[in-house]
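Just below is one structure, and these are the notes that go with it.
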2 protein chains.
Amino acid sequence: MPDDQPRDPLSLDAQLCFAVYAASRAITGLYRDLLAELGLTYPQYLVMLVLWERGPVPVKELGAALHLDSGTLSPLLRRLEAAGLVSRERSGSDERVVHAALTGRGSAMRERAERIPEQVLCATGLGTADARALHALLDRVTSSLSADAPPEGASACQPPPQEDRA
Amino acid sequence: MPDDQPRDPLSLDAQLCFAVYAASRAITGLYRDLLAELGLTYPQYLVMLVLWERGPVPVKELGAALHLDSGTLSPLLRRLEAAGLVSRERSGSDERVVHAALTGRGSAMRERAERIPEQVLCATGLGTADARALHALLDRVTSSLSADAPPEGASACQPPPQEDRA
DNA sequence: CACAACTTGATTGCGCACAACTGAATCGGT
DNA sequence: ACCGATTCAGTTGTGCGCAATCAAGTTGTG
C-alpha cells in the first residue's frame, strides 16, 4: 500500500511513527471488547499475564516486565485489589518492597482468558509468518529506543549496518 | 530473538500485542524528547502535521485522519490555541463545524520540525527496507482491526488466505 | 553507632484516549 | 413550515503513562 518516494519529510515521517501509534490503539481497542466481560482493561490484563506466569512478584519486577513505573502501577494495582483479583503485602525481609499476588478469583480468571490470544491473532489478519516478522521488527525498534536516551544533538545517526538500499 | 514453539497461549499472546504496545510507548518517549524544545506533545505534533499538510481543516477531518474523537481533540486544540499555534473558528456555511487553522507561529514551527523525521528513523535502528516492511505489516493490522468490531462470539476466525504454515 | 547515598513504592499533576452524554445546527420527509 | 433523525463539537468521568517529588527502608563507610 505505501507507494512512496521520499517526498515531504514531514508527511513521510507521519507514516512509520503514526503507523505504530494507530496500530497500538487499534489493538488496545480490540482488547477493550474482549476484556469487557472479564472487567479488565488492557494494562490490567498485562499485569494479570505476568502474575499468571510468574506468581507473586514485587511491584518493581512488574514495572520492569511491562516498562511501567509506580505512578502507573500503584493505582492500577489498587483497582485490581478492589476488584478482588490481586492482593498486596509488604515483604518481611525488605519492608520497602510490595509483593503483588493473585487471589483465588484472580487465579481462576486465567481459564477464561485463555481463548483471547487466538481471537486476537485472528483479528489482526496476519498469518503465523507475518506475525513473527512483525514481532521481530518491533522488538528491534523497542530495544533500539530503550537502549538509552541519546543525550542531545547527539548521534551522528549513521544508519546501522544495513544490507541494501532503495 | 523469539525462539518459540507455541507453548503457553497466554505467554505467546503477550508477545505480539505487547510488542506493539511497548514499541508504541518507546516511540512516544523518543518524540517526547525531540518535541520538548518545540513545546509539543506527540499527539499535538500529529495534529500539527495534518495542519501543515492540509491547511485549515474541520475538527471532524482531524479526527478521521488521526483516529481520534472530539473528546480528545477539543482539549488538545484548546491547548494548541492557548500556545498561539492554532486558531479555531466556526464555519460560516455550517455553524456546526469548527475549522482549525495555523497561526503565523504555527506555520513557522514547521521549519523547526523538519529535521525530526530522520532523527526518529535513525533512532529506530531500522534500515529503509525494514521500515517499509514494518509499515506495511502495521497497516494491515490497523485496517483489519478498524474494519469493524465483529459483533460477539462472532467470526469463525479462519486464518486469512495464507501461504505457509509452521 | 552515625550518616550520607541509594532503593522502593506511593503520591501529585498533567495530558492523552475513550465512552457517554449534551446541545446546537442541519437535513429529510411530509 | 413543521418535526424527527442525524451530524458536529464540546463536556464529563474513568483509566492509563510519565515526570517530579516524597517518605520509608536499606546499605555502605567511617
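A note on labels: chains of the C-alpha cells are A, B, ... as shown, every chain counts residues from 1, and ligands are counted from 1 in their shown order.
Excluding region 133-143 of chain B itself and any same-chain residue fewer than 5 positions from it, the protein and nucleic acid residues within 7 Å of it, counting only C-alpha atoms (C1' of nucleotides), are Met1, Pro2, Leu16, Ala19, Val20, Ala22, Ala23, Ala26, Thr124, Gly125, Leu134 and Leu137 of chain A.
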- Using DSSP on the backbone coordinates, identify all residues within region 39-82 of chain B classified as helix (DSSP H, G or I); present the result as a ChimeraX atom specification. /B:42-54,59-66,70-82
- Could you pull out all residues of region 31-140 of chain A with a DSSP call of strand (DSSP E or B) and give them as a PyMOL selection string? chain A and resi 57-58+86-90+98-102
Just to be explicit: take each residue in the selection above, keep N, CA, C and O atoms, and write the result as an mmCIF file, in the first residue's frame.
data_model
loop_
_atom_site.group_PDB
_atom_site.id
_atom_site.type_symbol
_atom_site.label_atom_id
_atom_site.label_comp_id
_atom_site.auth_asym_id
_atom_site.auth_seq_id
_atom_site.Cartn_x
_atom_site.Cartn_y
_atom_site.Cartn_z
ATOM 1 N N VAL A 57 5.016 -11.314 42.523
ATOM 2 C CA VAL A 57 6.207 -10.559 42.142
ATOM 3 C C VAL A 57 6.191 -9.178 42.792
ATOM 4 O O VAL A 57 5.127 -8.622 43.051
ATOM 5 N N PRO A 58 7.365 -8.640 43.072
ATOM 6 C CA PRO A 58 7.453 -7.258 43.562
ATOM 7 C C PRO A 58 6.955 -6.290 42.500
ATOM 8 O O PRO A 58 7.054 -6.586 41.295
ATOM 9 N N VAL A 86 -6.373 -9.333 43.082
ATOM 10 C CA VAL A 86 -4.966 -9.251 43.471
ATOM 11 C C VAL A 86 -4.872 -8.811 44.928
ATOM 12 O O VAL A 86 -5.731 -8.088 45.430
ATOM 13 N N SER A 87 -3.852 -9.304 45.609
ATOM 14 C CA SER A 87 -3.581 -8.817 46.963
ATOM 15 C C SER A 87 -2.164 -8.262 47.000
ATOM 16 O O SER A 87 -1.305 -8.670 46.229
ATOM 17 N N ARG A 88 -1.949 -7.322 47.889
ATOM 18 C CA ARG A 88 -0.616 -6.737 48.042
ATOM 19 C C ARG A 88 -0.157 -6.865 49.483
ATOM 20 O O ARG A 88 -0.950 -6.648 50.406
ATOM 21 N N GLU A 89 1.101 -7.219 49.657
ATOM 22 C CA GLU A 89 1.637 -7.134 51.022
ATOM 23 C C GLU A 89 3.128 -6.896 51.000
ATOM 24 O O GLU A 89 3.826 -7.339 50.095
ATOM 25 N N ARG A 90 3.565 -6.206 52.003
ATOM 26 C CA ARG A 90 4.978 -5.851 52.093
ATOM 27 C C ARG A 90 5.805 -7.082 52.408
ATOM 28 O O ARG A 90 5.379 -7.980 53.135
ATOM 29 N N VAL A 98 6.847 -4.357 47.879
ATOM 30 C CA VAL A 98 5.470 -4.839 47.974
ATOM 31 C C VAL A 98 5.270 -5.951 46.947
ATOM 32 O O VAL A 98 5.538 -5.753 45.768
ATOM 33 N N HIS A 99 4.833 -7.096 47.418
ATOM 34 C CA HIS A 99 4.577 -8.201 46.506
ATOM 35 C C HIS A 99 3.112 -8.194 46.081
ATOM 36 O O HIS A 99 2.218 -8.126 46.922
ATOM 37 N N ALA A 100 2.897 -8.262 44.771
ATOM 38 C CA ALA A 100 1.539 -8.416 44.250
ATOM 39 C C ALA A 100 1.304 -9.894 43.991
ATOM 40 O O ALA A 100 2.135 -10.558 43.360
ATOM 41 N N ALA A 101 0.192 -10.419 44.477
ATOM 42 C CA ALA A 101 -0.127 -11.840 44.304
ATOM 43 C C ALA A 101 -1.573 -11.995 43.874
ATOM 44 O O ALA A 101 -2.403 -11.116 44.109
ATOM 45 N N LEU A 102 -1.868 -13.103 43.228
ATOM 46 C CA LEU A 102 -3.226 -13.379 42.784
ATOM 47 C C LEU A 102 -4.065 -13.895 43.947
ATOM 48 O O LEU A 102 -3.589 -14.657 44.786
#
- Query: Given a cut-off of 7 Å, which residues of chain D touch chain A, counting only C-alpha atoms (C1' of nucleotides), written out as a VMD selection string?
  - Reply: chain D and resid 16 to 17 25
Using the selection just defined, write its residues with N, CA and C atoms (P, O5', C5', C4', C3', O3' and C1' of nucleotides) as a PDB file, in the first residue's frame.
ATOM      1  P    DC D  16      -6.099   1.247  34.215  1.00  0.00           P
ATOM      2  O5'  DC D  16      -4.932   2.322  34.301  1.00  0.00           O
ATOM      3  C5'  DC D  16      -3.748   2.128  33.585  1.00  0.00           C
ATOM      4  C4'  DC D  16      -3.864   2.660  32.184  1.00  0.00           C
ATOM      5  C3'  DC D  16      -2.518   2.966  31.549  1.00  0.00           C
ATOM      6  O3'  DC D  16      -2.635   2.795  30.146  1.00  0.00           O
ATOM      7  C1'  DC D  16      -3.716   4.962  31.773  1.00  0.00           C
ATOM      8  P    DG D  17      -1.431   2.607  29.149  1.00  0.00           P
ATOM      9  O5'  DG D  17      -0.531   3.899  29.373  1.00  0.00           O
ATOM     10  C5'  DG D  17       0.780   3.788  29.828  1.00  0.00           C
ATOM     11  C4'  DG D  17       1.439   5.122  29.614  1.00  0.00           C
ATOM     12  C3'  DG D  17       2.839   5.180  30.215  1.00  0.00           C
ATOM     13  O3'  DG D  17       3.676   5.783  29.258  1.00  0.00           O
ATOM     14  C1'  DG D  17       1.504   6.921  31.128  1.00  0.00           C
ATOM     15  P    DG D  25       9.638   2.293  57.754  1.00  0.00           P
ATOM     16  O5'  DG D  25      10.804   1.519  56.993  1.00  0.00           O
ATOM     17  C5'  DG D  25      10.456   0.642  55.931  1.00  0.00           C
ATOM     18  C4'  DG D  25      11.677   0.343  55.117  1.00  0.00           C
ATOM     19  C3'  DG D  25      12.824  -0.298  55.893  1.00  0.00           C
ATOM     20  O3'  DG D  25      13.087  -1.583  55.354  1.00  0.00           O
ATOM     21  C1'  DG D  25      13.607   1.439  54.476  1.00  0.00           C
TER      22       DG D  25
END
- Query: What are the residues of chain C that have an atom within 9 Å of an atom of chain A, counting only C-alpha atoms (C1' of nucleotides), as JSON, numbers by chain?
  - Reply: {"C": [7, 8, 9, 10, 11, 17]}
Would you mind exporting the chosen residues as a PDB file, in the first residue's frame, restricted to N, CA, C and O atoms (P, O5', C5', C4', C3', O3' and C1' of nucleotides)?
ATOM      1  P    DT C   7      20.457   2.685  43.411  1.00  0.00           P
ATOM      2  O5'  DT C   7      19.239   2.009  44.180  1.00  0.00           O
ATOM      3  C5'  DT C   7      19.488   0.967  45.115  1.00  0.00           C
ATOM      4  C4'  DT C   7      18.191   0.567  45.785  1.00  0.00           C
ATOM      5  C3'  DT C   7      17.016   0.353  44.822  1.00  0.00           C
ATOM      6  O3'  DT C   7      16.430  -0.901  45.123  1.00  0.00           O
ATOM      7  C1'  DT C   7      16.386   1.807  46.599  1.00  0.00           C
ATOM      8  P    DT C   8      15.360  -1.578  44.098  1.00  0.00           P
ATOM      9  O5'  DT C   8      13.968  -1.165  44.728  1.00  0.00           O
ATOM     10  C5'  DT C   8      13.590  -1.671  46.004  1.00  0.00           C
ATOM     11  C4'  DT C   8      12.316  -1.012  46.458  1.00  0.00           C
ATOM     12  C3'  DT C   8      11.215  -0.951  45.391  1.00  0.00           C
ATOM     13  O3'  DT C   8      10.157  -1.811  45.770  1.00  0.00           O
ATOM     14  C1'  DT C   8      11.419   1.091  46.606  1.00  0.00           C
ATOM     15  P    DG C   9       8.958  -2.162  44.717  1.00  0.00           P
ATOM     16  O5'  DG C   9       7.840  -1.133  45.187  1.00  0.00           O
ATOM     17  C5'  DG C   9       7.349  -1.231  46.520  1.00  0.00           C
ATOM     18  C4'  DG C   9       6.635   0.047  46.895  1.00  0.00           C
ATOM     19  C3'  DG C   9       5.396   0.375  46.052  1.00  0.00           C
ATOM     20  O3'  DG C   9       4.260   0.367  46.906  1.00  0.00           O
ATOM     21  C1'  DG C   9       6.792   2.287  46.344  1.00  0.00           C
ATOM     22  P    DA C  10       2.814   0.763  46.323  1.00  0.00           P
ATOM     23  O5'  DA C  10       2.732   2.313  46.694  1.00  0.00           O
ATOM     24  C5'  DA C  10       2.743   2.698  48.059  1.00  0.00           C
ATOM     25  C4'  DA C  10       2.621   4.207  48.167  1.00  0.00           C
ATOM     26  C3'  DA C  10       1.376   4.789  47.479  1.00  0.00           C
ATOM     27  O3'  DA C  10       0.679   5.593  48.409  1.00  0.00           O
ATOM     28  C1'  DA C  10       3.342   5.923  46.777  1.00  0.00           C
ATOM     29  P    DT C  11      -0.724   6.247  47.980  1.00  0.00           P
ATOM     30  O5'  DT C  11      -0.349   7.736  47.519  1.00  0.00           O
ATOM     31  C5'  DT C  11       0.460   8.539  48.365  1.00  0.00           C
ATOM     32  C4'  DT C  11       0.764   9.876  47.698  1.00  0.00           C
ATOM     33  C3'  DT C  11      -0.429  10.514  46.969  1.00  0.00           C
ATOM     34  O3'  DT C  11      -0.575  11.832  47.466  1.00  0.00           O
ATOM     35  C1'  DT C  11       1.513  10.479  45.578  1.00  0.00           C
ATOM     36  P    DA C  17      -2.809   9.747  22.957  1.00  0.00           P
ATOM     37  O5'  DA C  17      -4.059   8.956  23.527  1.00  0.00           O
ATOM     38  C5'  DA C  17      -5.221   8.826  22.745  1.00  0.00           C
ATOM     39  C4'  DA C  17      -6.086   7.764  23.375  1.00  0.00           C
ATOM     40  C3'  DA C  17      -7.396   7.533  22.625  1.00  0.00           C
ATOM     41  O3'  DA C  17      -7.605   6.145  22.561  1.00  0.00           O
ATOM     42  C1'  DA C  17      -7.858   8.155  24.884  1.00  0.00           C
TER      43       DA C  17
END
Please identify all polymer residues within 12 Å of DC2 (chain D), counting only C-alpha atoms (C1' of nucleotides), omitting same-chain residues fewer than 4 positions from it, and present them as a PDB file with all heavy atoms, in the first residue's frame.
ATOM      1  P    DG C  28     -30.651  15.970   2.945  1.00  0.00           P
ATOM      2  OP1  DG C  28     -29.673  15.182   2.197  1.00  0.00           O
ATOM      3  OP2  DG C  28     -31.199  17.226   2.391  1.00  0.00           O
ATOM      4  O5'  DG C  28     -31.889  15.048   3.340  1.00  0.00           O
ATOM      5  C5'  DG C  28     -31.917  14.366   4.579  1.00  0.00           C
ATOM      6  C4'  DG C  28     -33.241  13.652   4.765  1.00  0.00           C
ATOM      7  O4'  DG C  28     -34.003  14.331   5.787  1.00  0.00           O
ATOM      8  C3'  DG C  28     -34.140  13.619   3.531  1.00  0.00           C
ATOM      9  O3'  DG C  28     -34.768  12.351   3.428  1.00  0.00           O
ATOM     10  C2'  DG C  28     -35.135  14.744   3.756  1.00  0.00           C
ATOM     11  C1'  DG C  28     -35.209  14.838   5.267  1.00  0.00           C
ATOM     12  N9   DG C  28     -35.333  16.195   5.757  1.00  0.00           N
ATOM     13  C8   DG C  28     -34.691  17.310   5.283  1.00  0.00           C
ATOM     14  N7   DG C  28     -34.991  18.401   5.930  1.00  0.00           N
ATOM     15  C5   DG C  28     -35.890  17.977   6.901  1.00  0.00           C
ATOM     16  C6   DG C  28     -36.562  18.715   7.902  1.00  0.00           C
ATOM     17  O6   DG C  28     -36.487  19.932   8.142  1.00  0.00           O
ATOM     18  N1   DG C  28     -37.388  17.892   8.670  1.00  0.00           N
ATOM     19  C2   DG C  28     -37.540  16.539   8.492  1.00  0.00           C
ATOM     20  N2   DG C  28     -38.361  15.936   9.330  1.00  0.00           N
ATOM     21  N3   DG C  28     -36.916  15.839   7.564  1.00  0.00           N
ATOM     22  C4   DG C  28     -36.106  16.620   6.800  1.00  0.00           C
ATOM     23  P    DG C  29     -35.683  12.014   2.201  1.00  0.00           P
ATOM     24  OP1  DG C  29     -35.467  10.599   1.842  1.00  0.00           O
ATOM     25  OP2  DG C  29     -35.559  13.068   1.180  1.00  0.00           O
ATOM     26  O5'  DG C  29     -37.120  12.136   2.887  1.00  0.00           O
ATOM     27  C5'  DG C  29     -37.404  11.377   4.057  1.00  0.00           C
ATOM     28  C4'  DG C  29     -38.741  11.789   4.622  1.00  0.00           C
ATOM     29  O4'  DG C  29     -38.655  13.124   5.185  1.00  0.00           O
ATOM     30  C3'  DG C  29     -39.868  11.824   3.579  1.00  0.00           C
ATOM     31  O3'  DG C  29     -41.034  11.227   4.138  1.00  0.00           O
ATOM     32  C2'  DG C  29     -40.069  13.314   3.333  1.00  0.00           C
ATOM     33  C1'  DG C  29     -39.720  13.907   4.689  1.00  0.00           C
ATOM     34  N9   DG C  29     -39.273  15.297   4.646  1.00  0.00           N
ATOM     35  C8   DG C  29     -38.357  15.851   3.788  1.00  0.00           C
ATOM     36  N7   DG C  29     -38.154  17.122   3.991  1.00  0.00           N
ATOM     37  C5   DG C  29     -38.989  17.430   5.064  1.00  0.00           C
ATOM     38  C6   DG C  29     -39.205  18.654   5.730  1.00  0.00           C
ATOM     39  O6   DG C  29     -38.687  19.744   5.508  1.00  0.00           O
ATOM     40  N1   DG C  29     -40.138  18.518   6.753  1.00  0.00           N
ATOM     41  C2   DG C  29     -40.790  17.347   7.088  1.00  0.00           C
ATOM     42  N2   DG C  29     -41.641  17.413   8.098  1.00  0.00           N
ATOM     43  N3   DG C  29     -40.599  16.200   6.470  1.00  0.00           N
ATOM     44  C4   DG C  29     -39.687  16.316   5.473  1.00  0.00           C
ATOM     45  P    DT C  30     -42.208  10.840   3.112  1.00  0.00           P
ATOM     46  OP1  DT C  30     -42.645   9.455   3.418  1.00  0.00           O
ATOM     47  OP2  DT C  30     -41.811  11.203   1.741  1.00  0.00           O
ATOM     48  O5'  DT C  30     -43.353  11.827   3.576  1.00  0.00           O
ATOM     49  C5'  DT C  30     -43.801  11.783   4.929  1.00  0.00           C
ATOM     50  C4'  DT C  30     -44.422  13.125   5.307  1.00  0.00           C
ATOM     51  O4'  DT C  30     -43.481  14.186   5.111  1.00  0.00           O
ATOM     52  C3'  DT C  30     -45.655  13.492   4.458  1.00  0.00           C
ATOM     53  O3'  DT C  30     -46.812  13.535   5.290  1.00  0.00           O
ATOM     54  C2'  DT C  30     -45.336  14.885   3.913  1.00  0.00           C
ATOM     55  C1'  DT C  30     -44.217  15.358   4.828  1.00  0.00           C
ATOM     56  N1   DT C  30     -43.290  16.360   4.232  1.00  0.00           N
ATOM     57  C2   DT C  30     -43.267  17.626   4.769  1.00  0.00           C
ATOM     58  O2   DT C  30     -43.947  17.968   5.705  1.00  0.00           O
ATOM     59  N3   DT C  30     -42.384  18.483   4.146  1.00  0.00           N
ATOM     60  C4   DT C  30     -41.551  18.197   3.075  1.00  0.00           C
ATOM     61  O4   DT C  30     -40.805  19.046   2.607  1.00  0.00           O
ATOM     62  C5   DT C  30     -41.643  16.868   2.561  1.00  0.00           C
ATOM     63  C7   DT C  30     -40.812  16.439   1.401  1.00  0.00           C
ATOM     64  C6   DT C  30     -42.507  16.005   3.156  1.00  0.00           C
TER      65       DT C  30
END
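Checking A:Ala65, A:Leu30, A:Leu85, A:Val47 one by one against chain B, counting only C-alpha atoms, you find the shortest gap at A:Leu30.
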- Calculate how many Å separate CA of Leu34 (chain B) from CA of Gly127 (chain B), rounding to one decimal. 20.4 Å
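Distances here use only C-alpha atoms (C1' of nucleotides); by that measure, the residue among B:Gly104, B:Ala82, B:Thr28, B:Ser93 closest to DC16 (chain C) is B:Thr28.
Ranking B:Leu145, B:Leu77, B:Ala108, B:Leu126 by their shortest atom-to-atom distance to DG10 (chain D), with only C-alpha atoms (C1' of nucleotides) included, puts B:Leu77 first.
Using only C-alpha atoms (C1' of nucleotides), the smallest distance between any of B:His67, B:Tyr45, B:Glu61, B:Tyr21 and DC18 (chain C) comes from B:His67.
Across the model, the gap from CA of Met48 (chain B) to CA of Arg110 (chain B) is 8.3 Å.
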